[in-house]
Every structure is written in C-alpha cells, then in structure tokens.
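Asks: Structure: final.json, JSON, C-alpha atoms and all ligand atoms.
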```json
[["chain", "number", "residue", "atom", "x", "y", "z"],
["A", 1, "MET", "CA", -1.45, 11.23, 30.76],
["A", 2, "THR", "CA", 1.54, 10.66, 28.47],
["A", 3, "LYS", "CA", 1.09, 11.33, 24.76],
["A", 4, "LYS", "CA", 1.13, 8.11, 22.76],
["A", 5, "ALA", "CA", 3.30, 7.91, 19.66],
["A", 6, "LYS", "CA", 1.09, 7.83, 16.62],
["A", 7, "THR", "CA", 2.77, 5.32, 14.41],
["A", 8, "VAL", "CA", 0.93, 3.35, 11.74],
["A", 9, "LEU", "CA", 1.76, 0.56, 9.36],
["A", 10, "TYR", "CA", 0.30, 0.83, 5.87],
["A", 11, "PRO", "CA", 0.54, -2.67, 4.34],
["A", 12, "GLY", "CA", -0.10, -3.74, 0.78],
["A", 13, "SER", "CA", 1.20, -5.49, -2.30],
["A", 14, "PHE", "CA", 2.10, -2.21, -4.06],
["A", 15, "ASP", "CA", 2.57, -4.02, -7.39],
["A", 16, "PRO", "CA", 3.20, -1.27, -8.39],
["A", 17, "VAL", "CA", 2.62, 1.77, -6.14],
["A", 18, "THR", "CA", -0.06, 4.00, -7.70],
["A", 19, "ASN", "CA", -0.96, 7.66, -7.23],
["A", 20, "GLY", "CA", -3.86, 6.44, -5.08],
["A", 21, "HIS", "CA", -1.41, 4.79, -2.67],
["A", 22, "LEU", "CA", 0.75, 7.90, -2.73],
["A", 23, "ASP", "CA", -2.21, 10.16, -1.99],
["A", 24, "LEU", "CA", -2.96, 8.05, 1.09],
["A", 25, "ILE", "CA", 0.69, 8.03, 2.20],
["A", 26, "GLU", "CA", 0.84, 11.81, 1.94],
["A", 27, "ARG", "CA", -2.37, 12.22, 3.96],
["A", 28, "ALA", "CA", -1.10, 9.76, 6.58],
["A", 29, "SER", "CA", 2.27, 11.53, 6.82],
["A", 30, "LEU", "CA", 0.39, 14.69, 7.88],
["A", 31, "VAL", "CA", -1.59, 12.92, 10.59],
["A", 32, "PHE", "CA", 0.83, 10.38, 12.09],
["A", 33, "ASP", "CA", 4.30, 10.76, 13.60],
["A", 34, "THR", "CA", 5.68, 7.87, 11.55],
["A", 35, "VAL", "CA", 4.19, 5.88, 8.67],
["A", 36, "PHE", "CA", 5.70, 2.48, 7.90],
["A", 37, "VAL", "CA", 4.75, 1.48, 4.36],
["A", 38, "ALA", "CA", 5.01, -2.30, 4.51],
["A", 39, "VAL", "CA", 5.30, -4.27, 1.28],
["A", 40, "ALA", "CA", 3.96, -7.81, 1.63],
["A", 41, "ILE", "CA", 6.03, -10.70, 0.35],
["A", 42, "ASN", "CA", 3.03, -12.70, -0.80],
["A", 43, "HIS", "CA", 3.98, -16.10, -2.14],
["A", 44, "GLU", "CA", 0.46, -16.85, -3.39],
["A", 45, "LYS", "CA", 0.36, -14.01, -5.91],
["A", 46, "ASN", "CA", 2.41, -13.83, -9.10],
["A", 47, "PRO", "CA", 3.66, -10.24, -8.92],
["A", 48, "MET", "CA", 4.85, -8.10, -11.82],
["A", 49, "PHE", "CA", 7.62, -6.64, -9.65],
["A", 50, "THR", "CA", 9.95, -8.41, -7.23],
["A", 51, "ILE", "CA", 9.82, -7.37, -3.60],
["A", 52, "GLU", "CA", 13.11, -5.45, -4.04],
["A", 53, "GLU", "CA", 11.71, -3.58, -7.05],
["A", 54, "ARG", "CA", 8.48, -2.69, -5.25],
["A", 55, "VAL", "CA", 10.37, -1.45, -2.18],
["A", 56, "ASN", "CA", 12.75, 0.51, -4.38],
["A", 57, "LEU", "CA", 9.96, 2.25, -6.32],
["A", 58, "LEU", "CA", 8.17, 3.09, -3.08],
["A", 59, "LYS", "CA", 11.36, 4.54, -1.60],
["A", 60, "GLN", "CA", 11.79, 6.77, -4.64],
["A", 61, "VAL", "CA", 8.24, 8.10, -4.67],
["A", 62, "THR", "CA", 8.13, 8.68, -0.90],
["A", 63, "ALA", "CA", 11.64, 10.17, -0.57],
["A", 64, "LYS", "CA", 10.30, 13.66, 0.15],
["A", 65, "TYR", "CA", 8.40, 12.54, 3.28],
["A", 66, "ASP", "CA", 10.73, 12.54, 6.31],
["A", 67, "ASN", "CA", 8.39, 10.48, 8.47],
["A", 68, "VAL", "CA", 7.66, 7.72, 5.94],
["A", 69, "LYS", "CA", 9.70, 4.52, 6.08],
["A", 70, "VAL", "CA", 9.43, 1.71, 3.53],
["A", 71, "VAL", "CA", 9.85, -1.85, 4.82],
["A", 72, "SER", "CA", 8.88, -5.33, 3.70],
["A", 73, "PHE", "CA", 7.35, -8.18, 5.65],
["A", 74, "THR", "CA", 6.66, -11.84, 5.20],
["A", 75, "GLY", "CA", 4.08, -13.94, 7.03],
["A", 76, "LEU", "CA", 1.30, -12.44, 9.09],
["A", 77, "LEU", "CA", 0.52, -8.75, 9.16],
["A", 78, "VAL", "CA", -0.07, -8.89, 12.92],
["A", 79, "ASP", "CA", 3.55, -10.05, 13.35],
["A", 80, "ALA", "CA", 4.74, -7.00, 11.39],
["A", 81, "VAL", "CA", 2.58, -4.83, 13.68],
["A", 82, "GLU", "CA", 4.44, -6.40, 16.62],
["A", 83, "GLU", "CA", 7.86, -6.06, 14.97],
["A", 84, "TYR", "CA", 7.49, -2.35, 14.11],
["A", 85, "LYS", "CA", 5.65, -1.59, 17.36],
["A", 86, "VAL", "CA", 3.00, 0.47, 15.59],
["A", 87, "SER", "CA", -0.18, 1.74, 17.19],
["A", 88, "ALA", "CA", -2.40, 0.63, 14.31],
["A", 89, "ILE", "CA", -2.71, -0.71, 10.78],
["A", 90, "LEU", "CA", -3.72, 1.82, 8.13],
["A", 91, "ARG", "CA", -5.73, 0.87, 5.05],
["A", 92, "GLY", "CA", -7.30, 2.90, 2.27],
["A", 93, "LEU", "CA", -11.00, 2.74, 1.45],
["A", 94, "ARG", "CA", -11.68, 3.83, -2.12],
["A", 95, "ALA", "CA", -15.32, 2.79, -2.41],
["A", 96, "PHE", "CA", -18.04, 0.75, -0.70],
["A", 97, "SER", "CA", -16.84, -2.26, -2.65],
["A", 98, "ASP", "CA", -13.58, -2.23, -0.66],
["A", 99, "PHE", "CA", -15.43, -2.33, 2.64],
["A", 100, "GLU", "CA", -16.41, -5.97, 2.96],
["A", 101, "TYR", "CA", -12.90, -7.31, 2.36],
["A", 102, "GLU", "CA", -11.37, -4.65, 4.60],
["A", 103, "LEU", "CA", -13.85, -5.34, 7.42],
["A", 104, "GLN", "CA", -13.07, -9.05, 7.24],
["A", 105, "MET", "CA", -9.31, -8.40, 7.36],
["A", 106, "ALA", "CA", -9.58, -5.89, 10.20],
["A", 107, "LEU", "CA", -11.70, -8.22, 12.31],
["A", 108, "MET", "CA", -9.51, -11.24, 11.57],
["A", 109, "ASN", "CA", -6.38, -9.29, 12.48],
["A", 110, "ARG", "CA", -8.00, -8.26, 15.75],
["A", 111, "ARG", "CA", -8.90, -11.89, 16.44],
["A", 112, "LEU", "CA", -5.27, -12.86, 15.82],
["A", 113, "LYS", "CA", -3.96, -10.01, 18.01],
["A", 114, "ASP", "CA", -6.59, -8.51, 20.28],
["A", 115, "ASP", "CA", -5.03, -5.05, 20.62],
["A", 116, "CYS", "CA", -4.60, -4.71, 16.85],
["A", 117, "GLU", "CA", -6.61, -1.76, 15.55],
["A", 118, "THR", "CA", -7.15, -0.91, 11.88],
["A", 119, "LEU", "CA", -7.72, 2.68, 10.81],
["A", 120, "PHE", "CA", -9.09, 3.71, 7.43],
["A", 121, "MET", "CA", -8.44, 6.79, 5.34],
["A", 122, "MET", "CA", -10.05, 7.74, 2.04],
["A", 123, "PRO", "CA", -7.86, 8.74, -0.89],
["A", 124, "SER", "CA", -8.89, 11.63, -3.11],
["A", 125, "THR", "CA", -11.85, 10.82, -5.38],
["A", 126, "ASP", "CA", -9.42, 11.50, -8.26],
["A", 127, "TYR", "CA", -7.99, 8.06, -7.49],
["A", 128, "SER", "CA", -11.04, 6.13, -6.29],
["A", 129, "PHE", "CA", -10.99, 3.99, -9.44],
["A", 130, "VAL", "CA", -7.21, 3.43, -9.60],
["A", 131, "SER", "CA", -5.69, 0.11, -8.59],
["A", 132, "SER", "CA", -2.38, -1.67, -9.20],
["A", 133, "ARG", "CA", -4.25, -4.48, -10.94],
["A", 134, "LEU", "CA", -5.86, -2.10, -13.46],
["A", 135, "VAL", "CA", -2.54, -0.32, -14.05],
["A", 136, "ARG", "CA", -0.88, -3.67, -14.85],
["A", 137, "GLU", "CA", -3.79, -4.67, -17.09],
["A", 138, "ILE", "CA", -3.85, -1.38, -19.03],
["A", 139, "ALA", "CA", -0.06, -1.47, -19.42],
["A", 140, "LYS", "CA", -0.13, -5.02, -20.77],
["A", 141, "CYS", "CA", -2.70, -3.94, -23.38],
["A", 142, "ASP", "CA", -0.62, -0.90, -24.39],
["A", 143, "GLY", "CA", -3.15, 1.53, -22.90],
["A", 144, "ASP", "CA", -2.28, 4.90, -21.38],
["A", 145, "PHE", "CA", -1.76, 4.68, -17.63],
["A", 146, "ARG", "CA", 0.54, 7.72, -17.30],
["A", 147, "HIS", "CA", -1.87, 9.66, -15.07],
["A", 148, "PHE", "CA", -2.23, 6.89, -12.50],
["A", 149, "VAL", "CA", 1.42, 6.48, -11.43],
["A", 150, "GLN", "CA", 4.55, 8.58, -10.89],
["A", 151, "ASP", "CA", 6.99, 8.90, -13.82],
["A", 152, "VAL", "CA", 9.55, 6.53, -12.28],
["A", 153, "VAL", "CA", 6.84, 3.88, -11.86],
["A", 154, "TYR", "CA", 5.57, 4.47, -15.39],
["A", 155, "ASP", "CA", 9.07, 3.87, -16.79],
["A", 156, "ALA", "CA", 9.53, 0.76, -14.66],
["A", 157, "VAL", "CA", 6.19, -0.73, -15.77],
["A", 158, "LYS", "CA", 6.95, 0.06, -19.42],
["A", 159, "ALA", "CA", 10.39, -1.55, -19.12],
["A", 160, "LYS", "CA", 8.87, -4.63, -17.49],
["A", 161, "ILE", "CA", 6.23, -4.99, -20.22],
["A", 162, "ASP", "CA", 8.83, -4.51, -22.97],
["A", 163, "GLY", "CA", 10.95, -7.20, -21.29],
["A", 164, "ILE", "CA", 8.02, -9.62, -21.25],
["A", 165, "LYS", "CA", 7.06, -9.00, -24.92],
["A", 201, "LIG", "O1", -2.61, -4.43, -1.45],
["A", 201, "LIG", "P1", -3.34, -5.66, -1.01],
["A", 201, "LIG", "O2", -3.00, -6.82, -1.91],
["A", 201, "LIG", "O3", -4.81, -5.44, -0.86],
["A", 201, "LIG", "O4", -2.77, -6.03, 0.46],
["A", 201, "LIG", "C1", -3.23, -7.17, 1.14],
["A", 201, "LIG", "C2", -2.32, -7.47, 2.35],
["A", 201, "LIG", "C3", -0.89, -7.64, 1.92],
["A", 201, "LIG", "C4", -2.41, -6.31, 3.34],
["A", 201, "LIG", "C5", -2.87, -8.76, 3.01],
["A", 201, "LIG", "O5", -2.92, -9.77, 2.04],
["A", 201, "LIG", "C6", -2.03, -9.21, 4.19],
["A", 201, "LIG", "O6", -2.14, -8.68, 5.26],
["A", 201, "LIG", "N1", -1.14, -10.22, 3.96],
["A", 201, "LIG", "C7", -0.27, -10.75, 4.99],
["A", 201, "LIG", "C8", -0.73, -12.14, 5.46],
["A", 201, "LIG", "C9", -1.80, -12.01, 6.51],
["A", 201, "LIG", "O7", -1.61, -11.49, 7.59],
["A", 201, "LIG", "N2", -3.00, -12.54, 6.17],
["A", 201, "LIG", "C10", -4.15, -12.50, 7.04],
["A", 201, "LIG", "C11", -4.88, -11.16, 6.89],
["A", 201, "LIG", "S1", -6.36, -11.13, 7.83]]
```
Please express the file's structure as structure tokens.
Ligand code: PNS
Replies:
Amino acid sequence: MTKKAKTVLYPGSFDPVTNGHLDLIERASLVFDTVFVAVAINHEKNPMFTIEERVNLLKQVTAKYDNVKVVSFTGLLVDAVEEYKVSAILRGLRAFSDFEYELQMALMNRRLKDDCETLFMMPSTDYSFVSSRLVREIAKCDGDFRHFVQDVVYDAVKAKIDGIK
C-alpha cells in the first residue's frame, strides 16, 4: 500500500492571526507533511485587515515552519480543497461552544464534496479563550492584548486602530 501524502488545509478569516491560530499551525506542522493556511476572502464580513495584510502577517509569523504555506481563497472551501489537492480540512476546537458550528460546517462540506474530510485539533488551553474578534474588540477599547498575538501583529493592530481614530 502506498503512503498517502498528509496534506491539510487550515482555513479561516485570520483577522488577525492570534497565538491560538499559531499554536494550532505549529501542532499541525509536526503532524502533517504540508499545511496550507488558507485565508478566506469573505465578502460578507467587514474585516479589520485586507486580504493582503492578513496573508502578509500570517507569512511573517509562520516563516520558521518549512512545511507551512499561506494562501488565500475566494468562494467555497471545498473548491480550495480541490485546488490545493489536500487530504483534509483542518479546524481548531477551542471549547464545546465551537463544536456545533464546526459540526455543521464539516457535514455541509462533506455534502458538497463527498470525499471531503474535516479533522480537528485542540489548541493549548492557554489560548482556549482567545479569538480574533476579542483581540479586535479589546484593541478598539485600548485594552491590553499583547499576550494574545505576536509582536508584528500587535504593531499592525495598533497602527490600524490609530489610523481609524
Ligand atoms: O475563521 P472563521 O471565520 O471561523 O472561518 C470560517 C471559514 C472561512 C472557514 C468559513 O466561513 C468558510 O469556509 N468560508 C468559505 C465559504 C464556504 O465554503 N462556505 C460554506 C461552508 S460550509
């Protein structure tokens, strides 16, 4: 039996990438041959960072991982799975509260593409309460979010907030 390439696609909005995302990327880079981190161009949301900025920040914080590639995608996730020829989608599960939404997405993606599997990994409990939304919210209210993101992301968020003010 030939060994199958273990390639996963880790999709998300990454607006911005947090230490929780990075923890998952690092764990995935140890398990899989290649990890595609795929930034969604989501026209329904009103992001803090442009797609180019989000990709750029992700590239900087993942530069030390040889087997991690940062890409962007528009449209359906299952089409990105096809395009990058990955074995599975990877998503993070921080808490039970994530489960219902993730289950719905995983099952819908499998309905759209019947060989589409979704795998889940748990980030460190140090980050189980961290999300991009909370980072943006704390930053907008001048709170301290330094411990939840890498320095380059912290500076970018600060610069963005200062630009908005
Ligand atoms: O980081 P997020 O916002 O939780 O990521 C959600 C994302 C981007 C993975 C999801 O919205 C997505 O897959 N969008 C692409 C459009 C799509 O395929 N929608 C149907 C999903 S069942």
Asks: Name all residues at most 9 Å from region 155-159 of chain A (count all atoms listed in the file; drop same-chain ones fewer than 2 positions away) and give them as a list in words.
Replies: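 The residues that qualify are Pro16, Met48, Phe49, Leu57, Val135, Arg136, Ala139, Lys140, Gln150, Asp151, Val152, Val153, Ile161, Asp162, Gly163 and Ile164 of chain A.
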Asks: Provide an axis-aligned box for all listed atoms of ligand LIG 201 (chain A), padding each side by 3 Å; report its centre and its edge lengths in Å to one decimal, as JSON.
Replies:
```
{"center_x": -3.3, "center_y": -8.5, "center_z": 3.0, "size_x": 12.1, "size_y": 14.1, "size_z": 15.7}
```
Asks: List all protein, DNA and RNA residues that have an atom no more than 10 Å from any atom of ligand LIG 201 (chain A), counting all atoms listed in the file, and report them as number ranges by chain.
Replies: A: 10-17, 21, 38-45, 73-81, 89-92, 98, 101-112, 131-133
Asks: Provide the CA of Val61 (chain A) to CA of Ser87 (chain A) distance in Å, to one decimal place.
Replies: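 Going from CA of Val61 (chain A) over to CA of Ser87 (chain A) covers 24.3 Å.
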Asks: Could you please determine the separation between CA of Ser128 (chain A) and CA of Cys141 (chain A) in Å, to one decimal place?
Replies: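 These atoms are spaced 21.5 Å apart.
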Asks: Please fill the gaps in region 13-24 of chain A so it has all heavy atoms, and write that as a CSV table (one decimal), in the frame of the given file.
Replies:
```
chain,number,residue,atom,x,y,z
A,13,SER,N,0.3,-4.8,-1.3
A,13,SER,CA,1.2,-5.5,-2.3
A,13,SER,C,2.0,-4.5,-3.1
A,13,SER,O,3.1,-4.8,-3.5
A,13,SER,CB,0.3,-6.3,-3.3
A,13,SER,OG,-0.5,-7.2,-2.5
A,14,PHE,N,1.4,-3.3,-3.3
A,14,PHE,CA,2.1,-2.2,-4.1
A,14,PHE,C,2.8,-2.7,-5.3
A,14,PHE,O,4.0,-2.5,-5.5
A,14,PHE,CB,3.1,-1.5,-3.2
A,14,PHE,CG,2.5,-0.9,-1.9
A,14,PHE,CD1,2.7,-1.6,-0.7
A,14,PHE,CD2,1.7,0.2,-1.9
A,14,PHE,CE1,2.1,-1.1,0.5
A,14,PHE,CE2,1.2,0.7,-0.8
A,14,PHE,CZ,1.4,0.1,0.5
A,15,ASP,N,2.0,-3.4,-6.2
A,15,ASP,CA,2.6,-4.0,-7.4
A,15,ASP,C,2.0,-3.4,-8.7
A,15,ASP,O,1.2,-4.1,-9.3
A,15,ASP,CB,2.3,-5.5,-7.3
A,15,ASP,CG,3.0,-6.3,-8.4
A,15,ASP,OD1,4.1,-5.9,-8.8
A,15,ASP,OD2,2.4,-7.3,-8.9
A,16,PRO,N,2.3,-2.2,-9.0
A,16,PRO,CA,3.2,-1.3,-8.4
A,16,PRO,C,2.4,-0.2,-7.6
A,16,PRO,O,1.2,-0.2,-7.6
A,16,PRO,CB,3.8,-0.6,-9.6
A,16,PRO,CG,2.7,-0.5,-10.6
A,16,PRO,CD,1.8,-1.7,-10.3
A,17,VAL,N,3.2,0.7,-6.9
A,17,VAL,CA,2.6,1.8,-6.1
A,17,VAL,C,1.9,2.7,-7.1
A,17,VAL,O,2.5,3.0,-8.2
A,17,VAL,CB,3.7,2.5,-5.3
A,17,VAL,CG1,4.9,3.0,-6.1
A,17,VAL,CG2,3.1,3.7,-4.5
A,18,THR,N,0.7,3.1,-6.8
A,18,THR,CA,-0.1,4.0,-7.7
A,18,THR,C,-0.2,5.4,-7.0
A,18,THR,O,0.2,5.6,-5.9
A,18,THR,CB,-1.5,3.5,-7.9
A,18,THR,OG1,-2.2,3.6,-6.7
A,18,THR,CG2,-1.5,2.0,-8.4
A,19,ASN,N,-0.7,6.3,-7.8
A,19,ASN,CA,-1.0,7.7,-7.2
A,19,ASN,C,-2.0,7.6,-6.1
A,19,ASN,O,-2.0,8.5,-5.3
A,19,ASN,CB,-1.4,8.6,-8.3
A,19,ASN,CG,-0.2,9.0,-9.2
A,19,ASN,OD1,0.9,8.8,-8.8
A,19,ASN,ND2,-0.5,9.6,-10.4
A,20,GLY,N,-2.9,6.6,-6.2
A,20,GLY,CA,-3.9,6.4,-5.1
A,20,GLY,C,-3.2,6.1,-3.8
A,20,GLY,O,-3.4,6.6,-2.7
A,21,HIS,N,-2.2,5.1,-3.9
A,21,HIS,CA,-1.4,4.8,-2.7
A,21,HIS,C,-0.7,6.0,-2.2
A,21,HIS,O,-0.6,6.3,-1.0
A,21,HIS,CB,-0.3,3.7,-3.0
A,21,HIS,CG,-0.9,2.4,-3.4
A,21,HIS,ND1,-0.5,1.7,-4.5
A,21,HIS,CD2,-1.7,1.6,-2.8
A,21,HIS,CE1,-1.1,0.6,-4.6
A,21,HIS,NE2,-1.8,0.4,-3.5
A,22,LEU,N,-0.1,6.8,-3.1
A,22,LEU,CA,0.8,7.9,-2.7
A,22,LEU,C,-0.1,9.0,-2.1
A,22,LEU,O,0.4,9.6,-1.1
A,22,LEU,CB,1.4,8.4,-4.0
A,22,LEU,CG,2.7,9.2,-3.8
A,22,LEU,CD1,3.7,8.4,-2.9
A,22,LEU,CD2,3.3,9.6,-5.1
A,23,ASP,N,-1.3,9.2,-2.6
A,23,ASP,CA,-2.2,10.2,-2.0
A,23,ASP,C,-2.5,9.8,-0.5
A,23,ASP,O,-2.5,10.6,0.4
A,23,ASP,CB,-3.5,10.2,-2.8
A,23,ASP,CG,-4.5,11.1,-2.2
A,23,ASP,OD1,-4.5,12.3,-2.6
A,23,ASP,OD2,-5.4,10.7,-1.4
A,24,LEU,N,-2.7,8.5,-0.3
A,24,LEU,CA,-3.0,8.0,1.1
A,24,LEU,C,-1.7,8.2,2.0
A,24,LEU,O,-1.8,8.6,3.1
A,24,LEU,CB,-3.4,6.6,1.1
A,24,LEU,CG,-4.3,6.3,2.3
A,24,LEU,CD1,-5.8,6.7,2.0
A,24,LEU,CD2,-4.3,4.8,2.6
```
